[in-house]
>>> print(open('protein_6.tsv').read())   # TSV, C-alpha atoms
chain	number	residue	atom	x	y	z
R	907	MET	CA	-12.10	-39.77	-74.76
R	908	GLU	CA	-15.59	-40.38	-76.04
R	909	GLN	CA	-16.84	-37.63	-78.26
R	910	SER	CA	-19.57	-37.66	-80.85
R	911	LYS	CA	-18.02	-37.17	-84.29
R	912	GLU	CA	-20.50	-34.48	-85.20
R	913	ARG	CA	-20.02	-31.26	-83.27
R	914	GLU	CA	-23.15	-29.92	-81.62
R	915	LYS	CA	-24.42	-26.60	-83.06
R	916	VAL	CA	-24.39	-23.94	-80.35
R	917	ILE	CA	-25.51	-20.33	-79.82
R	918	LEU	CA	-23.80	-18.46	-76.97
R	919	VAL	CA	-25.70	-15.87	-74.92
R	920	GLY	CA	-24.18	-13.30	-72.58
R	921	CYS	CA	-25.47	-10.36	-70.56
R	922	GLN	CA	-23.09	-7.51	-69.73
R	923	THR	CA	-23.95	-5.75	-66.48
R	924	THR	CA	-20.76	-3.67	-66.11
R	925	GLU	CA	-19.46	-0.61	-67.97
R	926	ASP	CA	-16.08	-2.19	-68.72
R	927	ASP	CA	-16.30	-4.01	-72.06
R	928	LEU	CA	-13.00	-5.95	-71.96
R	929	PRO	CA	-13.68	-8.36	-69.04
R	930	PHE	CA	-17.05	-9.25	-70.58
R	931	GLN	CA	-15.46	-9.78	-74.00
R	932	TYR	CA	-12.78	-12.07	-72.49
R	933	SER	CA	-15.46	-13.96	-70.57
R	934	MET	CA	-17.43	-14.60	-73.79
R	935	GLU	CA	-14.24	-15.71	-75.57
R	936	GLU	CA	-13.57	-18.11	-72.70
R	937	LEU	CA	-17.12	-19.46	-73.02
R	938	ALA	CA	-16.43	-20.11	-76.73
R	939	SER	CA	-13.21	-21.97	-75.79
R	940	LEU	CA	-15.10	-24.03	-73.21
R	941	THR	CA	-17.72	-24.89	-75.84
R	942	LYS	CA	-15.03	-25.98	-78.29
R	943	THR	CA	-13.39	-28.10	-75.57
R	944	ALA	CA	-16.78	-29.79	-74.99
R	945	ASN	CA	-17.00	-30.57	-78.74
R	946	GLY	CA	-19.46	-27.82	-79.64
R	947	GLU	CA	-19.48	-25.61	-82.71
R	948	VAL	CA	-20.32	-21.97	-82.01
R	949	LEU	CA	-22.65	-20.67	-84.72
R	950	THR	CA	-23.11	-17.16	-83.33
R	951	THR	CA	-23.05	-15.11	-80.14
R	952	LEU	CA	-25.94	-13.04	-78.79
R	953	THR	CA	-25.16	-10.37	-76.19
R	954	GLN	CA	-27.06	-7.70	-74.33
R	955	LYS	CA	-25.97	-4.78	-72.16
R	956	ARG	CA	-28.24	-3.94	-69.22
R	957	GLU	CA	-28.05	-2.85	-65.58
R	958	ARG	CA	-28.92	-6.28	-64.24
R	959	VAL	CA	-29.97	-9.64	-65.65
R	960	ASP	CA	-33.68	-10.28	-66.13
R	961	LYS	CA	-35.01	-12.36	-63.21
R	962	ALA	CA	-37.39	-14.30	-65.43
R	963	THR	CA	-35.38	-14.96	-68.59
R	964	TYR	CA	-31.83	-13.64	-67.94
R	965	ILE	CA	-32.05	-11.47	-71.10
R	966	GLY	CA	-34.89	-9.06	-71.95
R	967	LYS	CA	-38.09	-10.02	-73.75
R	968	GLY	CA	-36.92	-8.58	-77.08
R	969	LYS	CA	-33.63	-10.50	-76.91
R	970	VAL	CA	-35.49	-13.74	-76.15
R	971	GLU	CA	-37.52	-13.22	-79.35
R	972	GLU	CA	-34.25	-12.57	-81.21
R	973	LEU	CA	-32.83	-15.79	-79.74
R	974	VAL	CA	-35.90	-17.80	-80.81
R	975	ALA	CA	-35.51	-16.50	-84.39
R	976	LEU	CA	-31.76	-17.31	-84.41
R	977	VAL	CA	-32.33	-20.86	-83.14
R	978	ASN	CA	-34.87	-21.49	-85.90
R	979	GLU	CA	-32.80	-19.84	-88.61
R	980	LEU	CA	-29.49	-21.54	-87.75
R	981	GLU	CA	-31.08	-24.83	-86.61
R	982	ALA	CA	-29.08	-24.69	-83.38
R	983	LYS	CA	-29.54	-27.63	-81.01
R	984	LEU	CA	-28.13	-25.97	-77.92
R	985	VAL	CA	-28.03	-22.51	-76.29
R	986	ILE	CA	-25.33	-21.86	-73.68
R	987	PHE	CA	-25.66	-18.92	-71.27
R	988	ASN	CA	-22.58	-17.23	-69.83
R	989	ASP	CA	-23.85	-17.23	-66.22
R	990	GLU	CA	-25.47	-19.72	-63.90
R	991	LEU	CA	-29.21	-19.69	-64.57
R	992	SER	CA	-31.81	-20.12	-61.86
R	993	PRO	CA	-34.27	-23.04	-62.16
R	994	SER	CA	-37.09	-20.62	-63.05
R	995	GLN	CA	-34.98	-18.91	-65.77
R	996	VAL	CA	-34.26	-22.31	-67.33
R	997	ARG	CA	-37.98	-23.22	-67.26
R	998	ASN	CA	-39.09	-19.90	-68.77
R	999	LEU	CA	-36.49	-20.02	-71.53
R	1000	ALA	CA	-37.17	-23.69	-72.31
R	1001	ALA	CA	-40.86	-22.86	-72.77
R	1002	GLN	CA	-40.00	-20.44	-75.61
R	1003	VAL	CA	-36.77	-21.71	-77.17
R	1004	GLU	CA	-36.78	-24.85	-79.33
R	1005	ALA	CA	-33.31	-25.94	-78.23
R	1006	ARG	CA	-31.71	-27.30	-75.09
R	1007	ILE	CA	-30.77	-24.62	-72.57
R	1008	ILE	CA	-27.65	-25.00	-70.43
R	1009	ASP	CA	-25.50	-22.51	-68.55
R	1010	ARG	CA	-21.79	-21.97	-67.96
R	1011	THR	CA	-21.83	-24.19	-64.86
R	1012	GLN	CA	-23.33	-27.15	-66.72
R	1013	LEU	CA	-20.81	-26.69	-69.51
R	1014	ILE	CA	-17.88	-26.78	-67.06
R	1015	LEU	CA	-19.38	-29.82	-65.34
R	1016	ASP	CA	-19.67	-31.52	-68.73
R	1017	ILE	CA	-15.99	-30.91	-69.52
R	1018	PHE	CA	-15.08	-32.28	-66.10
R	1019	ALA	CA	-17.16	-35.37	-66.89
R	1020	GLN	CA	-15.14	-35.85	-70.10
R	1021	ARG	CA	-11.81	-35.39	-68.34
R	1022	ALA	CA	-12.33	-37.54	-65.21
R	1023	ARG	CA	-10.14	-40.64	-65.31
R	1024	SER	CA	-9.83	-41.89	-61.74
R	1025	LYS	CA	-12.69	-43.35	-59.72
R	1026	GLU	CA	-12.47	-40.38	-57.35
R	1027	GLY	CA	-12.60	-37.86	-60.22
R	1028	LYS	CA	-15.66	-39.51	-61.75
R	1029	LEU	CA	-17.46	-39.62	-58.40
R	1030	GLN	CA	-16.65	-35.98	-57.67
R	1031	VAL	CA	-18.02	-34.87	-61.04
R	1032	GLU	CA	-21.17	-36.94	-60.66
R	1033	LEU	CA	-21.72	-35.52	-57.18
R	1034	ALA	CA	-21.37	-31.94	-58.47
R	1035	GLN	CA	-23.73	-32.66	-61.40
R	1036	LEU	CA	-26.40	-34.24	-59.21
R	1037	GLN	CA	-26.22	-31.43	-56.65
R	1038	TYR	CA	-26.60	-28.94	-59.49
R	1039	LEU	CA	-29.52	-30.81	-61.09
R	1040	LEU	CA	-31.50	-31.57	-57.92
R	1041	PRO	CA	-33.15	-28.12	-57.51
R	1042	ARG	CA	-33.71	-27.96	-61.28
R	1043	LEU	CA	-35.71	-31.18	-61.62
R	1044	GLY	CA	-39.17	-29.72	-61.01
R	1045	GLY	CA	-41.05	-28.73	-64.17
R	1046	GLN	CA	-38.33	-29.97	-66.51
R	1047	GLY	CA	-39.73	-33.41	-67.29
R	1048	THR	CA	-39.93	-32.98	-71.05
R	1049	GLN	CA	-36.56	-31.30	-71.30
R	1050	LEU	CA	-34.81	-33.91	-69.15
R	1051	SER	CA	-36.26	-36.79	-71.11
R	1052	ARG	CA	-34.53	-35.39	-74.20
R	1053	LEU	CA	-31.12	-35.57	-72.51
R	1054	GLY	CA	-28.64	-37.61	-74.49
R	1055	ALA	CA	-24.89	-37.89	-74.61
R	1056	GLY	CA	-24.17	-34.33	-75.69
R	1057	ILE	CA	-22.80	-31.19	-74.07
R	1058	GLY	CA	-23.95	-30.67	-70.50
R	1059	THR	CA	-25.36	-34.18	-70.24
R	1060	ARG	CA	-22.41	-36.51	-69.78
R	1061	GLY	CA	-22.05	-38.59	-66.64
R	1062	PRO	CA	-25.35	-38.76	-64.75
R	1063	GLY	CA	-26.99	-36.97	-67.69
R	1064	GLU	CA	-27.06	-40.35	-69.37
R	1065	THR	CA	-28.84	-42.03	-66.47
R	1066	LYS	CA	-32.60	-41.76	-65.90
R	1067	LEU	CA	-32.81	-38.19	-64.59
R	1068	GLU	CA	-36.60	-38.28	-64.53
R	1069	ALA	CA	-36.19	-40.40	-61.39
R	1070	ASP	CA	-37.60	-38.68	-58.33
R	1071	ARG	CA	-35.61	-36.48	-56.00
R	1072	ARG	CA	-35.38	-39.22	-53.39
R	1073	HIS	CA	-33.50	-41.45	-55.84
R	1074	ILE	CA	-31.01	-38.64	-56.59
R	1075	ARG	CA	-30.59	-37.82	-52.89
R	1076	ASN	CA	-29.86	-41.50	-52.22
R	1077	ARG	CA	-27.25	-41.48	-55.00
R	1078	ILE	CA	-25.68	-38.29	-53.55
R	1079	HIS	CA	-25.49	-39.97	-50.13
R	1080	ASP	CA	-23.93	-43.08	-51.71
R	1081	ILE	CA	-21.29	-41.02	-53.58
R	1082	LYS	CA	-20.43	-39.03	-50.44
R	1083	THR	CA	-19.92	-42.31	-48.54
R	1084	GLN	CA	-17.60	-43.65	-51.25
R	1085	LEU	CA	-15.69	-40.37	-51.43
R	1086	SER	CA	-15.19	-40.22	-47.66
R	1087	GLY	CA	-13.35	-43.58	-47.90
R	1088	ILE	CA	-11.12	-42.23	-50.67
R	1089	VAL	CA	-10.51	-39.02	-48.69
R	1090	GLU	CA	-9.43	-41.07	-45.64
R	1091	HIS	CA	-6.96	-43.02	-47.81
R	1092	ARG	CA	-5.58	-39.76	-49.26
R	1093	GLU	CA	-5.22	-38.30	-45.75
R	1094	ARG	CA	-3.30	-41.38	-44.55
R	1095	TYR	CA	-0.99	-40.99	-47.54
R	1096	ARG	CA	-0.48	-37.31	-46.70
R	1097	GLU	CA	0.28	-38.16	-43.05
R	1098	ARG	CA	2.94	-40.63	-44.21
R	1099	ARG	CA	4.53	-37.95	-46.38
R	1100	LYS	CA	4.45	-35.51	-43.45
R	1101	LYS	CA	6.06	-38.08	-41.15
R	1102	ASN	CA	8.92	-38.52	-43.61
R	1103	ARG	CA	9.04	-34.70	-43.89
R	1104	THR	CA	9.07	-34.70	-47.69
R	1105	PHE	CA	9.07	-31.19	-49.14
R	1106	GLN	CA	5.90	-30.78	-51.21
R	1107	VAL	CA	5.33	-28.36	-54.07
R	1108	SER	CA	1.86	-27.86	-55.59
R	1109	ILE	CA	1.45	-26.41	-59.06
R	1110	ALA	CA	-1.68	-24.25	-59.17
R	1111	GLY	CA	-3.03	-21.85	-61.75
R	1112	TYR	CA	-5.71	-20.95	-64.24
R	1113	THR	CA	-6.82	-23.65	-66.64
R	1114	ASN	CA	-4.56	-23.99	-69.70
R	1115	ALA	CA	-1.73	-21.94	-68.15
R	1116	GLY	CA	0.76	-24.74	-68.92
R	1117	LYS	CA	0.82	-26.46	-65.51
R	1118	SER	CA	0.98	-30.03	-66.84
R	1119	THR	CA	3.67	-29.16	-69.39
R	1120	LEU	CA	5.77	-27.63	-66.61
R	1121	PHE	CA	5.02	-30.59	-64.30
R	1122	ASN	CA	6.18	-33.05	-66.98
R	1123	ARG	CA	9.41	-31.11	-67.63
R	1124	LEU	CA	10.28	-30.80	-63.94
R	1125	THR	CA	9.46	-34.40	-62.99
R	1126	GLU	CA	9.87	-36.40	-66.21
R	1127	ALA	CA	6.29	-37.55	-65.66
R	1128	SER	CA	3.62	-38.23	-68.26
R	1129	SER	CA	0.71	-36.04	-67.11
R	1130	TYR	CA	-1.77	-35.37	-69.93
R	1131	GLU	CA	-0.90	-32.08	-71.61
R	1132	GLU	CA	-2.92	-30.44	-74.34
R	1133	ASN	CA	-3.76	-26.92	-75.47
R	1134	GLN	CA	-7.29	-27.10	-74.11
R	1135	LEU	CA	-9.20	-26.12	-71.01
R	1136	PHE	CA	-9.19	-28.55	-68.07
R	1137	ALA	CA	-6.76	-31.01	-69.70
R	1138	THR	CA	-5.85	-32.18	-66.17
R	1139	LEU	CA	-8.54	-33.19	-63.72
R	1140	ASP	CA	-7.02	-35.86	-61.50
R	1141	PRO	CA	-4.06	-34.67	-59.41
R	1142	MET	CA	-0.75	-36.42	-60.00
R	1143	THR	CA	2.22	-36.45	-57.62
R	1144	LYS	CA	5.78	-37.28	-58.78
R	1145	LYS	CA	9.33	-36.90	-57.53
R	1146	CYS	CA	11.42	-33.95	-58.71
R	1147	ILE	CA	15.19	-33.89	-58.19
R	1148	LEU	CA	16.65	-30.43	-57.57
R	1149	PRO	CA	20.11	-29.43	-58.92
R	1150	ASN	CA	21.74	-30.19	-55.53
R	1151	GLY	CA	20.32	-33.75	-55.56
R	1152	PHE	CA	17.56	-33.08	-53.01
R	1153	THR	CA	14.31	-34.89	-53.87
R	1154	ILE	CA	10.97	-33.14	-53.48
R	1155	LEU	CA	7.40	-34.15	-54.33
R	1156	MET	CA	5.51	-32.13	-56.93
R	1157	THR	CA	1.74	-32.23	-57.52
R	1158	ASP	CA	-0.09	-31.17	-60.67
R	1159	THR	CA	-3.60	-29.94	-59.78
R	1160	VAL	CA	-6.87	-29.15	-61.54
R	1161	GLY	CA	-6.96	-25.73	-63.24
R	1162	PHE	CA	-9.01	-22.92	-61.77
R	1163	ILE	CA	-11.43	-20.81	-63.79
R	1164	GLN	CA	-13.44	-17.64	-63.28
R	1165	ASP	CA	-16.85	-18.35	-61.70
R	1166	LEU	CA	-15.83	-21.93	-60.90
R	1167	PRO	CA	-19.10	-23.59	-59.84
R	1168	THR	CA	-19.39	-23.73	-56.05
R	1169	SER	CA	-20.67	-27.31	-56.31
R	1170	LEU	CA	-17.38	-28.21	-58.02
R	1171	ILE	CA	-15.24	-26.51	-55.38
R	1172	ALA	CA	-17.16	-28.46	-52.73
R	1173	ALA	CA	-16.92	-31.75	-54.65
R	1174	PHE	CA	-13.22	-31.34	-55.36
R	1175	ARG	CA	-12.40	-30.24	-51.83
R	1176	SER	CA	-10.29	-33.35	-51.13
R	1177	THR	CA	-8.36	-32.91	-54.38
R	1178	LEU	CA	-7.78	-29.23	-53.67
R	1179	GLU	CA	-6.53	-30.18	-50.20
R	1180	GLU	CA	-3.30	-31.14	-52.02
R	1181	VAL	CA	-2.69	-27.41	-52.48
R	1182	LYS	CA	-3.33	-26.75	-48.77
R	1183	GLU	CA	-0.82	-29.42	-47.74
R	1184	ALA	CA	2.00	-27.94	-49.85
R	1185	ASP	CA	5.16	-26.37	-48.44
R	1186	LEU	CA	5.39	-24.17	-51.54
R	1187	ILE	CA	2.80	-23.22	-54.18
R	1188	LEU	CA	3.93	-22.56	-57.75
R	1189	HIS	CA	1.27	-20.24	-59.17
R	1190	VAL	CA	1.60	-20.64	-62.95
R	1191	VAL	CA	0.26	-17.74	-65.05
R	1192	ASP	CA	-0.07	-17.75	-68.85
R	1193	SER	CA	1.70	-14.50	-69.80
R	1194	ALA	CA	0.61	-14.96	-73.44
R	1195	ASN	CA	-3.08	-14.63	-72.53
R	1196	PRO	CA	-4.52	-11.10	-72.95
R	1197	ASP	CA	-6.57	-11.62	-69.77
R	1198	TYR	CA	-3.60	-12.89	-67.72
R	1199	PHE	CA	-4.13	-10.27	-64.97
R	1200	GLN	CA	-7.73	-11.38	-64.32
R	1201	HIS	CA	-6.64	-15.03	-64.39
R	1202	GLU	CA	-3.95	-14.32	-61.79
R	1203	LYS	CA	-6.47	-12.45	-59.64
R	1204	THR	CA	-9.03	-15.30	-59.90
R	1205	VAL	CA	-6.49	-17.93	-58.79
R	1206	ASN	CA	-5.26	-15.77	-55.89
R	1207	HIS	CA	-8.90	-15.34	-54.78
R	1208	LEU	CA	-9.57	-19.11	-54.93
R	1209	LEU	CA	-6.29	-19.89	-53.13
R	1210	SER	CA	-7.32	-17.45	-50.42
R	1211	GLU	CA	-10.71	-19.23	-50.15
R	1212	LEU	CA	-8.78	-22.46	-49.62
R	1213	GLU	CA	-6.96	-20.71	-46.73
R	1214	THR	CA	-3.45	-21.01	-48.18
R	1215	GLU	CA	-2.22	-17.52	-47.19
R	1216	GLN	CA	0.39	-18.98	-44.81
R	1217	ILE	CA	2.00	-21.11	-47.55
R	1218	PRO	CA	4.92	-19.48	-49.41
R	1219	GLN	CA	4.04	-18.84	-53.04
R	1220	LEU	CA	6.14	-18.35	-56.16
R	1221	THR	CA	4.51	-16.77	-59.22
R	1222	VAL	CA	5.71	-18.43	-62.42
R	1223	TYR	CA	4.92	-16.46	-65.58
R	1224	ASN	CA	4.90	-19.13	-68.27
R	1225	LYS	CA	5.13	-18.84	-72.09
R	1226	ARG	CA	7.63	-15.96	-71.99
R	1227	ASP	CA	8.48	-16.75	-75.64
R	1228	ALA	CA	4.93	-15.71	-76.61
R	1229	GLN	CA	4.19	-12.99	-74.04
R	1230	HIS	CA	1.26	-10.67	-74.72
R	1231	VAL	CA	2.27	-7.15	-75.83
R	1232	ASP	CA	0.58	-5.57	-72.80
R	1233	PHE	CA	2.08	-8.02	-70.28
R	1234	VAL	CA	3.50	-6.42	-67.12
R	1235	PRO	CA	4.63	-8.83	-64.37
R	1236	SER	CA	3.35	-8.34	-60.86
R	1237	THR	CA	5.92	-7.80	-58.12
R	1238	ARG	CA	3.97	-10.09	-55.78
R	1239	ASN	CA	5.61	-13.39	-54.66
R	1240	GLU	CA	8.98	-12.65	-56.34
R	1241	PRO	CA	7.91	-13.75	-59.83
R	1242	ILE	CA	10.01	-15.65	-62.34
R	1243	GLN	CA	9.43	-15.57	-66.12
R	1244	ILE	CA	9.99	-18.85	-67.97
R	1245	SER	CA	8.96	-21.02	-70.88
R	1246	ALA	CA	8.14	-24.56	-69.72
R	1247	LEU	CA	9.49	-25.84	-73.04
R	1248	ASN	CA	12.94	-24.33	-72.41
R	1249	ASP	CA	15.33	-26.62	-70.49
R	1250	GLU	CA	17.46	-23.74	-69.17
R	1251	ASP	CA	14.34	-22.00	-67.84
R	1252	CYS	CA	13.24	-25.19	-66.06
R	1253	GLU	CA	16.69	-25.50	-64.43
R	1254	ARG	CA	16.48	-21.83	-63.39
R	1255	LEU	CA	13.07	-22.53	-61.82
R	1256	LYS	CA	14.47	-25.54	-59.93
R	1257	LEU	CA	17.25	-23.32	-58.56
R	1258	THR	CA	14.62	-20.75	-57.50
R	1259	ILE	CA	12.64	-23.51	-55.71
R	1260	GLU	CA	15.91	-24.51	-54.00
R	1261	THR	CA	16.47	-20.91	-52.85
R	1262	LYS	CA	12.89	-20.72	-51.52
R	1263	MET	CA	13.47	-23.97	-49.61
R	1264	ILE	CA	16.70	-22.71	-48.03
R	1265	GLU	CA	14.80	-19.67	-46.70
R	1266	MET	CA	12.61	-22.14	-44.74
R	1267	MET	CA	15.56	-24.22	-43.45
R	1268	THR	CA	18.16	-24.00	-40.69
R	1269	PRO	CA	21.90	-24.04	-41.47
R	1270	TYR	CA	24.12	-26.74	-39.99
R	1271	HIS	CA	27.90	-27.16	-39.68
R	1272	VAL	CA	28.80	-30.66	-38.46
R	1273	VAL	CA	31.80	-32.95	-38.03
R	1274	VAL	CA	30.78	-36.56	-38.75
R	1275	PRO	CA	33.01	-39.60	-38.06
R	1276	SER	CA	33.80	-41.63	-41.21
R	1277	SER	CA	32.12	-44.65	-39.53
R	1278	GLU	CA	28.72	-42.86	-39.78
R	1279	GLY	CA	28.17	-43.80	-43.44
R	1280	LYS	CA	24.40	-43.96	-43.12
R	1281	LEU	CA	24.18	-40.42	-41.71
R	1282	LEU	CA	26.45	-39.10	-44.48
R	1283	ALA	CA	24.18	-40.69	-47.10
R	1284	GLN	CA	21.14	-39.10	-45.41
R	1285	LEU	CA	22.81	-35.68	-45.39
R	1286	LYS	CA	23.33	-36.00	-49.15
R	1287	ASN	CA	19.75	-37.11	-49.86
R	1288	GLU	CA	17.59	-35.52	-47.16
R	1289	THR	CA	19.26	-32.14	-46.61
R	1290	ILE	CA	20.75	-29.51	-48.91
R	1291	LEU	CA	24.45	-30.31	-48.59
R	1292	ARG	CA	26.48	-27.29	-49.68
R	1293	ASP	CA	30.00	-28.25	-48.61
R	1294	LEU	CA	31.65	-31.62	-47.87
R	1295	SER	CA	35.34	-32.09	-47.02
R	1296	PHE	CA	37.38	-34.87	-45.38
R	1297	ASP	CA	39.76	-34.27	-42.46
R	1298	GLU	CA	42.54	-36.89	-43.01
R	1299	ASP	CA	44.12	-36.42	-39.57
R	1300	ASN	CA	40.92	-37.05	-37.59
R	1301	GLN	CA	39.20	-39.32	-40.15
R	1302	LYS	CA	36.10	-37.14	-40.04
R	1303	TYR	CA	33.87	-35.41	-42.59
R	1304	ILE	CA	33.12	-31.69	-42.27
R	1305	CYS	CA	29.68	-30.92	-43.67
R	1306	LYS	CA	27.83	-27.65	-44.19
R	1307	GLY	CA	24.29	-27.31	-45.41
R	1308	PHE	CA	20.65	-26.71	-44.60
R	1309	THR	CA	17.96	-28.89	-43.05
R	1310	PHE	CA	14.36	-28.61	-41.85
R	1311	VAL	CA	13.94	-28.29	-38.09
R	1312	ASP	CA	10.97	-30.73	-38.14
R	1313	HIS	CA	12.81	-33.38	-40.23
R	1314	PRO	CA	13.77	-36.61	-38.38
R	1315	ILE	CA	17.44	-36.02	-39.32
R	1316	PHE	CA	17.59	-32.71	-37.39
R	1317	GLY	CA	18.12	-34.46	-34.04
R	1318	GLN	CA	21.08	-36.48	-35.39
R	1319	VAL	CA	22.62	-33.37	-36.95
R	1320	GLN	CA	22.46	-31.59	-33.58
R	1321	GLN	CA	24.67	-34.32	-32.02
R	1322	TYR	CA	27.56	-33.48	-34.35
R	1323	GLN	CA	26.98	-29.73	-34.59
R	1324	ILE	CA	30.17	-27.67	-34.23
R	1325	LYS	CA	29.83	-25.54	-31.12
R	1326	ARG	CA	30.54	-21.89	-31.76
>>> encode(input="protein_6.tsv", output="structure tokens")
Amino acid sequence: MEQSKEREKVILVGCQTTEDDLPFQYSMEELASLTKTANGEVLTTLTQKRERVDKATYIGKGKVEELVALVNELEAKLVIFNDELSPSQVRNLAAQVEARIIDRTQLILDIFAQRARSKEGKLQVELAQLQYLLPRLGGQGTQLSRLGAGIGTRGPGETKLEADRRHIRNRIHDIKTQLSGIVEHRERYRERRKKNRTFQVSIAGYTNAGKSTLFNRLTEASSYEENQLFATLDPMTKKCILPNGFTILMTDTVGFIQDLPTSLIAAFRSTLEEVKEADLILHVVDSANPDYFQHEKTVNHLLSELETEQIPQLTVYNKRDAQHVDFVPSTRNEPIQISALNDEDCERLKLTIETKMIEMMTPYHVVVPSSEGKLLAQLKNETILRDLSFDEDNQKYICKGFTFVDHPIFGQVQQYQIKR
């Protein structure tokens, strides 16, 4: 990961428009965490409480003067605002403040630019950045020419952004063309998985909830895990073997966040489709975070936007060993409380996934001739086989278990089904 050794000096600015102080406080703390993740050093935070944000400068005239004085006094190089700024707000602020102005959206885009590893991930981030920058090009010539390799400027920020809008539109078109090819490949891969009727579990949740840690423990994979926001950007799919021997596919996905930029949701649509294609969604919630309830609500809202209401969901409250004092689990989606670092908890979660699967399956009770070795092997690997006994007199196996109605094996099972 390329990071400048020297951390960029940053002032954070937020405007509270609600009466409730706590959500705003958590939001500002999250902005500080995002800044740290992007290799910034927060010097101070400037906040204002008002009915609505100022259309011209986001914060009031007096606060802008206060910000100008702070920038000069602390020699800050960057000011990050806690909301998405309009092009005119950026222009008006840049005219008065002797530091680069970026907003929450640009900061998130920058972190995504750091995290992208695959070709698809890099293209998706660049597309989101260009779509965000396009309406903001006018009147920003001097500011854009100062763009370097710092916060909010990675990826296309390092290319010649003074280029005209036509050049950027052409690049957007080019990226979309490349992405459509990747999306087609991903869809073909999904169709193949569907044809084989592999049970798919998607791990979703707020950023830094412990999804990758859990994914690694359940699949023995090596997904990047770190105590930082957006540690995972590119989805990874691996096999997971349940206690009964049944193999499922598990996907680790990008973390959600409050006010996730719409351009990012659009750009990452194909990646987020992995969640839509799941048979079961594991919604991982960090129970140690004081704002866990809002995080859970945010993810449920985004999952609903992705139209996943029909997919069974299991809420997994992670980090039970460090739960917040005010934590109260929701009763929604039959939650389970675990620590991803505890082996027994991970086994318990696998058993819970197994139980969820059985609820979606059909029971079978079959008598299979001993000559049908291939079918017996399939019953062990492709169904949940609960009981297997051998009838010596008739040289037949008696099998009980559960299978999916739309699995290719279902037809064969029906041939040997014991008539009641």
>>> residues_near_point(input="protein_6.tsv", point="(6.6, -13.4, -53.9)", cutoff="12 Å", atoms="all atoms listed in the file", output="ChimeraX atom specification")
/R:1186-1189,1215,1217-1222,1235-1242,1258-1259,1262
>>> atom_distance(input="protein_6.tsv", atom1="atom CA of Cys1252 of chain R", atom2="atom CA of Asn1206 of chain R")
23.1 Å
>>> atom_distance(input="protein_6.tsv", atom1="atom CA of Arg1006 of chain R", atom2="atom CA of Leu984 of chain R")
4.8 Å
>>> residues_around(input="protein_6.tsv", residues="Tyr1303 of chain R", least_positions_apart="4", cutoff="7 Å", atoms="all atoms listed in the file", output="JSON, numbers by chain")
{"R": [1273, 1274, 1275, 1276, 1294, 1295, 1296, 1297]}
>>> residues_near_point(input="protein_6.tsv", point="(-7.0, -17.3, -64.6)", cutoff="7 Å", atoms="all atoms listed in the file", output="compact mmCIF listing (two decimals) with C-alpha atoms, in the frame of the given file")
# COMPACT_ATOMS: atom_id res chain seq x y z
CA GLY R 1111 -3.03 -21.85 -61.75
CA TYR R 1112 -5.71 -20.95 -64.24
CA THR R 1113 -6.82 -23.65 -66.64
CA PHE R 1162 -9.01 -22.92 -61.77
CA ILE R 1163 -11.43 -20.81 -63.79
CA GLN R 1164 -13.44 -17.64 -63.28
CA TYR R 1198 -3.60 -12.89 -67.72
CA GLN R 1200 -7.73 -11.38 -64.32
CA HIS R 1201 -6.64 -15.03 -64.39
CA GLU R 1202 -3.95 -14.32 -61.79
CA LYS R 1203 -6.47 -12.45 -59.64
CA THR R 1204 -9.03 -15.30 -59.90
CA VAL R 1205 -6.49 -17.93 -58.79
>>> atom_distance(input="protein_6.tsv", atom1="atom CA of Met1267 of chain R", atom2="atom CA of Leu1148 of chain R")
15.5 Å
>>> residues_around(input="protein_6.tsv", residues="Tyr1223 of chain R", least_positions_apart="4", cutoff="6 Å", atoms="only C-alpha atoms", output="ChimeraX atom specification")
/R:1190-1191,1193,1243
>>> closest_residue(input="protein_6.tsv", among="R:Ala1184, R:Ala975, R:Val985, R:Ala944", to="Ile917 of chain R", atoms="all atoms listed in the file")
R:Val985
